[in-house]
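Chemist: This is start.cif, which holds mmCIF, C-alpha atoms; chains and numbers go by the auth columns:
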```cif
data_final
loop_
_atom_site.group_PDB
_atom_site.id
_atom_site.type_symbol
_atom_site.label_atom_id
_atom_site.label_comp_id
_atom_site.label_asym_id
_atom_site.label_seq_id
_atom_site.Cartn_x
_atom_site.Cartn_y
_atom_site.Cartn_z
_atom_site.B_iso_or_equiv
_atom_site.auth_seq_id
_atom_site.auth_asym_id
ATOM 1 C CA MET A 1 172.886 44.982 164.952 0.00 1 U
ATOM 2 C CA LEU A 2 172.944 46.840 168.275 0.00 2 U
ATOM 3 C CA GLU A 3 176.246 48.508 167.424 0.00 3 U
ATOM 4 C CA SER A 4 174.482 50.286 164.550 0.00 4 U
ATOM 5 C CA VAL A 5 172.174 52.204 166.911 0.00 5 U
ATOM 6 C CA PRO A 6 173.620 55.696 167.523 0.00 6 U
ATOM 7 C CA GLY A 7 174.863 56.102 171.079 0.00 7 U
ATOM 8 C CA TRP A 8 174.778 52.378 171.903 0.00 8 U
ATOM 9 C CA VAL A 9 177.883 50.302 172.613 0.00 9 U
ATOM 10 C CA VAL A 10 178.092 46.553 173.116 0.00 10 U
ATOM 11 C CA ASP A 11 180.519 46.237 176.030 0.00 11 U
ATOM 12 C CA GLY A 12 180.887 42.489 176.091 0.00 12 U
ATOM 13 C CA GLU A 13 179.618 39.082 175.121 0.00 13 U
ATOM 14 C CA ALA A 14 179.488 35.849 177.110 0.00 14 U
ATOM 15 C CA HIS A 15 179.308 32.214 176.051 0.00 15 U
ATOM 16 C CA ASP A 16 177.153 31.088 178.961 0.00 16 U
ATOM 17 C CA GLY A 17 175.268 32.336 181.998 0.00 17 U
ATOM 18 C CA ARG A 18 178.209 32.013 184.391 0.00 18 U
ATOM 19 C CA GLU A 19 180.396 34.150 182.127 0.00 19 U
ATOM 20 C CA ALA A 20 177.542 36.655 181.750 0.00 20 U
ATOM 21 C CA ILE A 21 177.384 37.111 185.525 0.00 21 U
ATOM 22 C CA GLU A 22 181.154 37.630 185.667 0.00 22 U
ATOM 23 C CA LYS A 23 181.040 40.177 182.840 0.00 23 U
ATOM 24 C CA VAL A 24 178.182 42.102 184.458 0.00 24 U
ATOM 25 C CA ALA A 25 180.311 42.453 187.597 0.00 25 U
ATOM 26 C CA LEU A 26 183.307 43.551 185.532 0.00 26 U
ATOM 27 C CA LEU A 27 181.664 45.811 182.932 0.00 27 U
ATOM 28 C CA ASN A 28 178.708 47.334 184.832 0.00 28 U
ATOM 29 C CA PRO A 29 176.348 47.349 181.793 0.00 29 U
ATOM 30 C CA ASP A 30 173.121 49.301 181.362 0.00 30 U
ATOM 31 C CA LEU A 31 171.336 46.176 180.072 0.00 31 U
ATOM 32 C CA VAL A 32 171.856 42.409 179.786 0.00 32 U
ATOM 33 C CA LEU A 33 170.614 40.223 176.910 0.00 33 U
ATOM 34 C CA LEU A 34 170.427 36.493 177.683 0.00 34 U
ATOM 35 C CA ASP A 35 169.735 33.276 175.842 0.00 35 U
ATOM 36 C CA LEU A 36 169.771 29.671 176.982 0.00 36 U
ATOM 37 C CA SER A 37 173.190 28.008 177.113 0.00 37 U
ATOM 38 C CA PRO A 38 174.510 24.617 178.198 0.00 38 U
ATOM 39 C CA VAL A 39 176.825 25.570 181.095 0.00 39 U
ATOM 40 C CA MET A 40 174.608 27.906 183.112 0.00 40 U
ATOM 41 C CA ASN A 41 171.460 28.733 181.241 0.00 41 U
ATOM 42 C CA GLY A 42 170.009 32.199 180.836 0.00 42 U
ATOM 43 C CA LEU A 43 167.200 31.476 183.279 0.00 43 U
ATOM 44 C CA ASP A 44 169.624 30.694 186.094 0.00 44 U
ATOM 45 C CA ALA A 45 171.750 33.691 185.148 0.00 45 U
ATOM 46 C CA ALA A 46 168.668 35.946 185.122 0.00 46 U
ATOM 47 C CA ARG A 47 167.646 34.694 188.546 0.00 47 U
ATOM 48 C CA GLU A 48 171.099 35.407 189.990 0.00 48 U
ATOM 49 C CA LEU A 49 171.571 38.739 188.201 0.00 49 U
ATOM 50 C CA SER A 50 168.170 39.993 189.324 0.00 50 U
ATOM 51 C CA HIS A 51 169.303 39.466 192.928 0.00 51 U
ATOM 52 C CA ILE A 52 172.808 40.877 192.692 0.00 52 U
ATOM 53 C CA ARG A 53 172.039 43.685 190.196 0.00 53 U
ATOM 54 C CA PRO A 54 168.298 44.447 190.333 0.00 54 U
ATOM 55 C CA ASP A 55 168.977 47.837 188.713 0.00 55 U
ATOM 56 C CA VAL A 56 170.113 46.252 185.424 0.00 56 U
ATOM 57 C CA PRO A 57 167.291 45.328 183.029 0.00 57 U
ATOM 58 C CA ILE A 58 167.495 41.791 181.646 0.00 58 U
ATOM 59 C CA VAL A 59 166.026 40.732 178.296 0.00 59 U
ATOM 60 C CA MET A 60 165.727 37.043 177.300 0.00 60 U
ATOM 61 C CA PHE A 61 165.678 35.571 173.794 0.00 61 U
ATOM 62 C CA THR A 62 163.373 32.572 173.329 0.00 62 U
ATOM 63 C CA ASP A 63 160.634 31.262 171.092 0.00 63 U
ATOM 64 C CA SER A 64 159.142 29.092 173.817 0.00 64 U
ATOM 65 C CA PRO A 65 156.090 30.525 175.609 0.00 65 U
ATOM 66 C CA GLU A 66 156.867 28.309 178.603 0.00 66 U
ATOM 67 C CA ILE A 67 160.435 29.584 178.860 0.00 67 U
ATOM 68 C CA ALA A 68 159.205 33.148 178.345 0.00 68 U
ATOM 69 C CA ASP A 69 156.905 32.808 181.365 0.00 69 U
ATOM 70 C CA VAL A 70 159.709 31.392 183.495 0.00 70 U
ATOM 71 C CA ALA A 71 162.106 34.107 182.281 0.00 71 U
ATOM 72 C CA LEU A 72 159.745 36.828 183.472 0.00 72 U
ATOM 73 C CA ARG A 73 159.447 35.119 186.863 0.00 73 U
ATOM 74 C CA CYS A 74 163.264 34.848 187.030 0.00 74 U
ATOM 75 C CA GLY A 75 163.694 38.601 186.754 0.00 75 U
ATOM 76 C CA CYS A 76 163.751 39.317 183.040 0.00 76 U
ATOM 77 C CA ARG A 77 162.057 42.571 182.251 0.00 77 U
ATOM 78 C CA ARG A 78 161.135 41.541 178.705 0.00 78 U
ATOM 79 C CA VAL A 79 161.304 38.540 176.400 0.00 79 U
ATOM 80 C CA VAL A 80 162.003 38.831 172.681 0.00 80 U
ATOM 81 C CA SER A 81 161.265 36.046 170.207 0.00 81 U
ATOM 82 C CA LYS A 82 164.230 34.844 168.197 0.00 82 U
ATOM 83 C CA THR A 83 161.999 34.966 165.122 0.00 83 U
ATOM 84 C CA LYS A 84 161.256 38.663 165.726 0.00 84 U
ATOM 85 C CA ILE A 85 164.795 39.868 166.336 0.00 85 U
ATOM 86 C CA MET A 86 164.102 43.149 164.525 0.00 86 U
ATOM 87 C CA LEU A 87 161.843 44.112 167.462 0.00 87 U
ATOM 88 C CA LEU A 88 164.828 44.059 169.802 0.00 88 U
ATOM 89 C CA VAL A 89 165.834 47.692 169.254 0.00 89 U
ATOM 90 C CA SER A 90 162.262 48.839 169.866 0.00 90 U
ATOM 91 C CA VAL A 91 162.023 46.766 173.054 0.00 91 U
ATOM 92 C CA LEU A 92 165.309 48.191 174.327 0.00 92 U
ATOM 93 C CA HIS A 93 164.189 51.748 173.547 0.00 93 U
ATOM 94 C CA ASP A 94 161.016 51.060 175.566 0.00 94 U
ATOM 95 C CA ILE A 95 163.030 49.787 178.525 0.00 95 U
ATOM 96 C CA PHE A 96 165.269 52.853 178.562 0.00 96 U
ATOM 97 C CA SER A 97 162.273 55.178 178.117 0.00 97 U
ATOM 98 C CA ASP A 98 160.527 53.556 181.083 0.00 98 U
ATOM 99 C CA ALA A 99 163.682 53.943 183.172 0.00 99 U
ATOM 100 C CA ALA A 100 163.943 57.631 182.318 0.00 100 U
ATOM 101 C CA ALA A 101 160.311 58.310 183.229 0.00 101 U
#
```
I'd like the structure from this file rewritten - as structure tokens, please.
Modeler:
Amino acid sequence: MLESVPGWVVDGEAHDGREAIEKVALLNPDLVLLDLSPVMNGLDAARELSHIRPDVPIVMFTDSPEIADVALRCGCRRVVSKTKIMLLVSVLHDIFSDAAA
């Protein structure tokens, strides 16, 4: 879905939070999208990424209001519901617009 947005490129994908942290260090992305995973969950990854790369916006996928609250406290800039995935492009546009302002 994100590859279809003109000018956007998906640089990498990770299977868990630990791999996401490694890929962020390797690929230097403009944005990180996280979900929960069994090895190192997205909340732990968000917490670590927000410390080592505070300049990179993090977005979390979840349908749980409790996890959404924790995600925002862990450094995620936004949370997107898995049931409203079509809002993702709009949310990402907002993040990049805020950064440019």
Chemist: Contacts between segment 11-18 of chain U and segment 37-76 of chain U, please, where a residue of segment 37-76 of chain U counts if it comes within 12 Å (with all atoms listed in the file); show its shortest atom pair and distance in Å to one decimal, rows by chain and ascending number, as JSON lines.
Modeler:
```
{"residue": "U:Ser37", "atom": "CA", "partner": "U:Asp16", "partner_atom": "CA", "distance": 5.3}
{"residue": "U:Pro38", "atom": "CA", "partner": "U:Asp16", "partner_atom": "CA", "distance": 7.0}
{"residue": "U:Val39", "atom": "CA", "partner": "U:Asp16", "partner_atom": "CA", "distance": 5.9}
{"residue": "U:Met40", "atom": "CA", "partner": "U:Gly17", "partner_atom": "CA", "distance": 4.6}
{"residue": "U:Asn41", "atom": "CA", "partner": "U:Gly17", "partner_atom": "CA", "distance": 5.3}
{"residue": "U:Gly42", "atom": "CA", "partner": "U:Gly17", "partner_atom": "CA", "distance": 5.4}
{"residue": "U:Leu43", "atom": "CA", "partner": "U:Gly17", "partner_atom": "CA", "distance": 8.2}
{"residue": "U:Asp44", "atom": "CA", "partner": "U:Gly17", "partner_atom": "CA", "distance": 7.2}
{"residue": "U:Ala45", "atom": "CA", "partner": "U:Gly17", "partner_atom": "CA", "distance": 4.9}
{"residue": "U:Ala46", "atom": "CA", "partner": "U:Gly17", "partner_atom": "CA", "distance": 8.1}
{"residue": "U:Arg47", "atom": "CA", "partner": "U:Gly17", "partner_atom": "CA", "distance": 10.3}
{"residue": "U:Glu48", "atom": "CA", "partner": "U:Gly17", "partner_atom": "CA", "distance": 9.5}
{"residue": "U:Leu49", "atom": "CA", "partner": "U:Gly17", "partner_atom": "CA", "distance": 9.7}
{"residue": "U:Met60", "atom": "CA", "partner": "U:Gly17", "partner_atom": "CA", "distance": 11.6}
```
Chemist: Using all atoms listed in the file, collect all residues at a distance of at most 12 Å from (162.3, 47.5, 181.5) as written in the file, then present them as a PyMOL selection string.
Modeler: chain U and resi 30-33+54-60+72+75-79+90-101
Chemist: When distances are computed from all atoms listed in the file, which of U:Leu36, U:Val10, U:Ala20, U:Val5 shows the smallest separation from Ala71 of chain U?
Modeler: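 Among the listed residues, U:Leu36 lies closest to Ala71 of chain U.
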Chemist: Closest to Cys74 of chain U among U:Lys23, U:Ser50, U:Thr62, U:Val89, using only C-alpha atoms?
Modeler: U:Ser50
Chemist: Rounded to one decimal, what separation in Å do you get between atom CA of Thr83 of chain U and atom CA of Asp63 of chain U?
Modeler: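 The value is 7.2 Å.
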Chemist: Record the distance separating atom CA of Ser4 of chain U and atom CA of Val80 of chain U, expressed in Å with one decimal.
Modeler: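 Result for atom CA of Ser4 of chain U versus atom CA of Val80 of chain U: 18.8 Å, one decimal.
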Chemist: Measuring atom to atom with only C-alpha atoms, identify which of U:Glu19, U:Arg53, U:Lys82, U:Glu3 is nearest to Ala68 of chain U.
Modeler: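 Of the candidates, the smallest distance to Ala68 of chain U is held by U:Lys82.
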